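J.: The structure under discussion is supplied below as structure tokens; questions concerning it will follow.
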Amino acid sequence: MSDRTEGYSEITLDHFEHPRNNGVLENANAVGYMTNPVCGDSLVLMLRIEDDRIVEARWQSDGCAASLAASSLLTEMVGGVSLADASQITREAVVDALGGLPASKLHASVLAADALHHALAEYEKKRES
Ligand code: FES
């Protein structure tokens, strides 16, 4: 294990080494952009929403192992989930699903959860207009 990933859980390492759903979602109808104010890591989360359910999610990120793993795992957490349930996903839920994060990397979960809520808010705004 390198210094960059010391203290990471098996789940976090697995998502870092084998990222899921990475790339561009061409037919996304909700997009969340987020930059972490703590460190500058960034995430673009792309969602395809149909009938109030997230049917597909992809991501592109520029950041550390923890933020890449959190982004990857988040797309698995939201796949097939209703908008109501997705809106309940918290930063803490992302950390728990990752099997925890080293204290110095806890802020990585902020990036993933906030990008999700940004995308959902953008989708609602579009729907209302
Ligand atoms: S260094 Fe990666 S989220 Fe901050």
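Residues are referred to by chain and number: the chain letter is A, B, ... according to the order shown in the structure tokens, the number counts from 1 in that chain, and ligands are numbered separately from 1 in the order shown.
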Neighbouring residues of A:Gln60 were defined as those with any atom within 12 Å, considering only C-alpha atoms; residues of the same chain fewer than 6 positions away were excluded. Please report them as a VMD selection string.
T.: chain A and resid 19 to 25 31 to 34 41 to 47 67 to 72 75 112 115
J.: Select the residues contacting ligand 1 at a distance of at most 8 Å, based on only C-alpha atoms and all ligand atoms, then format the selection as a list in words.
T.: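 My answer, listing the contacting residues, is Asn36, Val38, Cys39, Gly40, Asp41, Gly63, Cys64, Ala65, Ala66, Ser67, Leu68, Lys105, Leu106, His107, Ala108, Ser109, Val110 and Leu111 of chain A.
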J.: Ranking A:Glu10, A:Asp85, A:Glu26, A:Glu92 by minimum distance to A:Ile54 and counting only C-alpha atoms, which one comes first?
T.: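 Distance minimum relative to A:Ile54 lands on A:Asp85.
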J.: Could you pull out all residues of stretch 2-129 of chain A with a DSSP call of alpha helix (DSSP H) and give them as a PDB file with C-alpha atoms, in the first residue's frame?
T.:
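states-v9.pdb, freshly written:
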ATOM      1  CA  GLU A  10     -10.856  -2.398   1.314  1.00  0.00           C
ATOM      2  CA  ILE A  11     -13.977  -0.901  -0.275  1.00  0.00           C
ATOM      3  CA  THR A  12     -12.303   2.451  -0.857  1.00  0.00           C
ATOM      4  CA  LEU A  13      -9.221   0.816  -2.348  1.00  0.00           C
ATOM      5  CA  ASP A  14     -11.364  -1.383  -4.577  1.00  0.00           C
ATOM      6  CA  HIS A  15     -13.268   1.612  -5.977  1.00  0.00           C
ATOM      7  CA  PHE A  16     -10.024   3.545  -6.417  1.00  0.00           C
ATOM      8  CA  GLU A  17      -8.330   0.690  -8.278  1.00  0.00           C
ATOM      9  CA  ALA A  65      -7.854   8.361  -4.217  1.00  0.00           C
ATOM     10  CA  ALA A  66     -10.558   9.100  -1.636  1.00  0.00           C
ATOM     11  CA  SER A  67     -12.469  11.463  -3.892  1.00  0.00           C
ATOM     12  CA  LEU A  68     -12.240   9.093  -6.867  1.00  0.00           C
ATOM     13  CA  ALA A  69     -13.457   6.199  -4.721  1.00  0.00           C
ATOM     14  CA  ALA A  70     -16.291   8.287  -3.241  1.00  0.00           C
ATOM     15  CA  SER A  71     -17.383   9.348  -6.741  1.00  0.00           C
ATOM     16  CA  SER A  72     -17.314   5.777  -8.026  1.00  0.00           C
ATOM     17  CA  LEU A  73     -19.194   4.415  -5.044  1.00  0.00           C
ATOM     18  CA  LEU A  74     -21.795   7.171  -5.175  1.00  0.00           C
ATOM     19  CA  THR A  75     -22.785   6.171  -8.707  1.00  0.00           C
ATOM     20  CA  GLU A  76     -23.450   2.654  -7.409  1.00  0.00           C
ATOM     21  CA  MET A  77     -25.426   4.016  -4.444  1.00  0.00           C
ATOM     22  CA  VAL A  78     -27.781   6.030  -6.657  1.00  0.00           C
ATOM     23  CA  LEU A  83     -35.255  10.858  -6.371  1.00  0.00           C
ATOM     24  CA  ALA A  84     -36.825  10.885  -2.905  1.00  0.00           C
ATOM     25  CA  ASP A  85     -34.359   8.290  -1.639  1.00  0.00           C
ATOM     26  CA  ALA A  86     -31.392   9.878  -3.438  1.00  0.00           C
ATOM     27  CA  ARG A  91     -22.042  12.814   3.415  1.00  0.00           C
ATOM     28  CA  GLU A  92     -22.050  10.434   6.381  1.00  0.00           C
ATOM     29  CA  ALA A  93     -23.829   7.757   4.325  1.00  0.00           C
ATOM     30  CA  VAL A  94     -21.096   7.995   1.693  1.00  0.00           C
ATOM     31  CA  VAL A  95     -18.386   7.616   4.353  1.00  0.00           C
ATOM     32  CA  ASP A  96     -20.213   4.637   5.879  1.00  0.00           C
ATOM     33  CA  ALA A  97     -20.628   2.965   2.482  1.00  0.00           C
ATOM     34  CA  ALA A 108     -13.797  13.674   0.197  1.00  0.00           C
ATOM     35  CA  SER A 109     -17.319  12.492   1.007  1.00  0.00           C
ATOM     36  CA  VAL A 110     -18.480  16.110   0.857  1.00  0.00           C
ATOM     37  CA  LEU A 111     -17.557  16.259  -2.794  1.00  0.00           C
ATOM     38  CA  ALA A 112     -19.630  13.227  -3.793  1.00  0.00           C
ATOM     39  CA  ALA A 113     -22.707  13.964  -1.691  1.00  0.00           C
ATOM     40  CA  ASP A 114     -22.758  17.652  -2.568  1.00  0.00           C
ATOM     41  CA  ALA A 115     -22.405  16.927  -6.297  1.00  0.00           C
ATOM     42  CA  LEU A 116     -25.418  14.614  -6.017  1.00  0.00           C
ATOM     43  CA  HIS A 117     -27.532  17.243  -4.263  1.00  0.00           C
ATOM     44  CA  HIS A 118     -26.393  19.873  -6.740  1.00  0.00           C
ATOM     45  CA  ALA A 119     -27.489  17.644  -9.643  1.00  0.00           C
ATOM     46  CA  LEU A 120     -30.866  16.922  -8.014  1.00  0.00           C
ATOM     47  CA  ALA A 121     -31.475  20.609  -7.321  1.00  0.00           C
ATOM     48  CA  GLU A 122     -30.580  21.478 -10.902  1.00  0.00           C
ATOM     49  CA  TYR A 123     -32.988  18.817 -12.176  1.00  0.00           C
ATOM     50  CA  GLU A 124     -35.836  20.146  -9.986  1.00  0.00           C
ATOM     51  CA  LYS A 125     -35.168  23.694 -11.154  1.00  0.00           C
ATOM     52  CA  LYS A 126     -35.310  22.627 -14.793  1.00  0.00           C
ATOM     53  CA  ARG A 127     -38.513  20.731 -14.146  1.00  0.00           C
ATOM     54  CA  GLU A 128     -40.187  23.722 -12.547  1.00  0.00           C
TER      55      GLU A 128
END
J.: Check the DSSP output for the backbone and give back, as an MDAnalysis selection string, the residues of stretch 36-93 of chain A in strand (DSSP E).
T.: chainID A and resid 42:50 53:62
J.: Any idea what the distance is between atom CA of A:Leu101 and atom CA of A:Ser9?
T.: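 Straight-line distance from atom CA of A:Leu101 to atom CA of A:Ser9 works out to 7.0 Å.
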J.: What does the distance from atom CA of A:Ser104 to atom CA of A:Thr35 come to in Å, to one decimal?
T.: 17.1 Å
J.: Do a neighbour search on A:Ser82 at 10 Å with only C-alpha atoms, toss out local chain neighbours closer than 4 positions, and write the hits as number ranges by chain.
T.: A: 49-55, 78, 86-87
J.: For the residues selected in the previous step, produce a file with C-alpha atoms as a JSON list (two decimals), in the first residue's frame.
T.:
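Writing the result to selection.json gives the following:
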[["chain", "number", "residue", "atom", "x", "y", "z"],
["A", 49, "ILE", "CA", -33.37, 10.46, -14.53],
["A", 50, "GLU", "CA", -36.56, 8.83, -15.81],
["A", 51, "ASP", "CA", -39.91, 8.61, -14.01],
["A", 52, "ASP", "CA", -38.44, 10.13, -10.83],
["A", 53, "ARG", "CA", -35.73, 7.48, -10.66],
["A", 54, "ILE", "CA", -31.99, 7.63, -11.38],
["A", 55, "VAL", "CA", -31.52, 5.05, -14.10],
["A", 78, "VAL", "CA", -27.78, 6.03, -6.66],
["A", 86, "ALA", "CA", -31.39, 9.88, -3.44],
["A", 87, "SER", "CA", -32.14, 13.19, -1.76]]
J.: Could you work out how far atom CA of A:Pro37 lies from atom CA of A:Gln88, giving the answer in Å with one decimal?
T.: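 Computed distance, atom CA of A:Gln88 to atom CA of A:Pro37, equals 22.6 Å.
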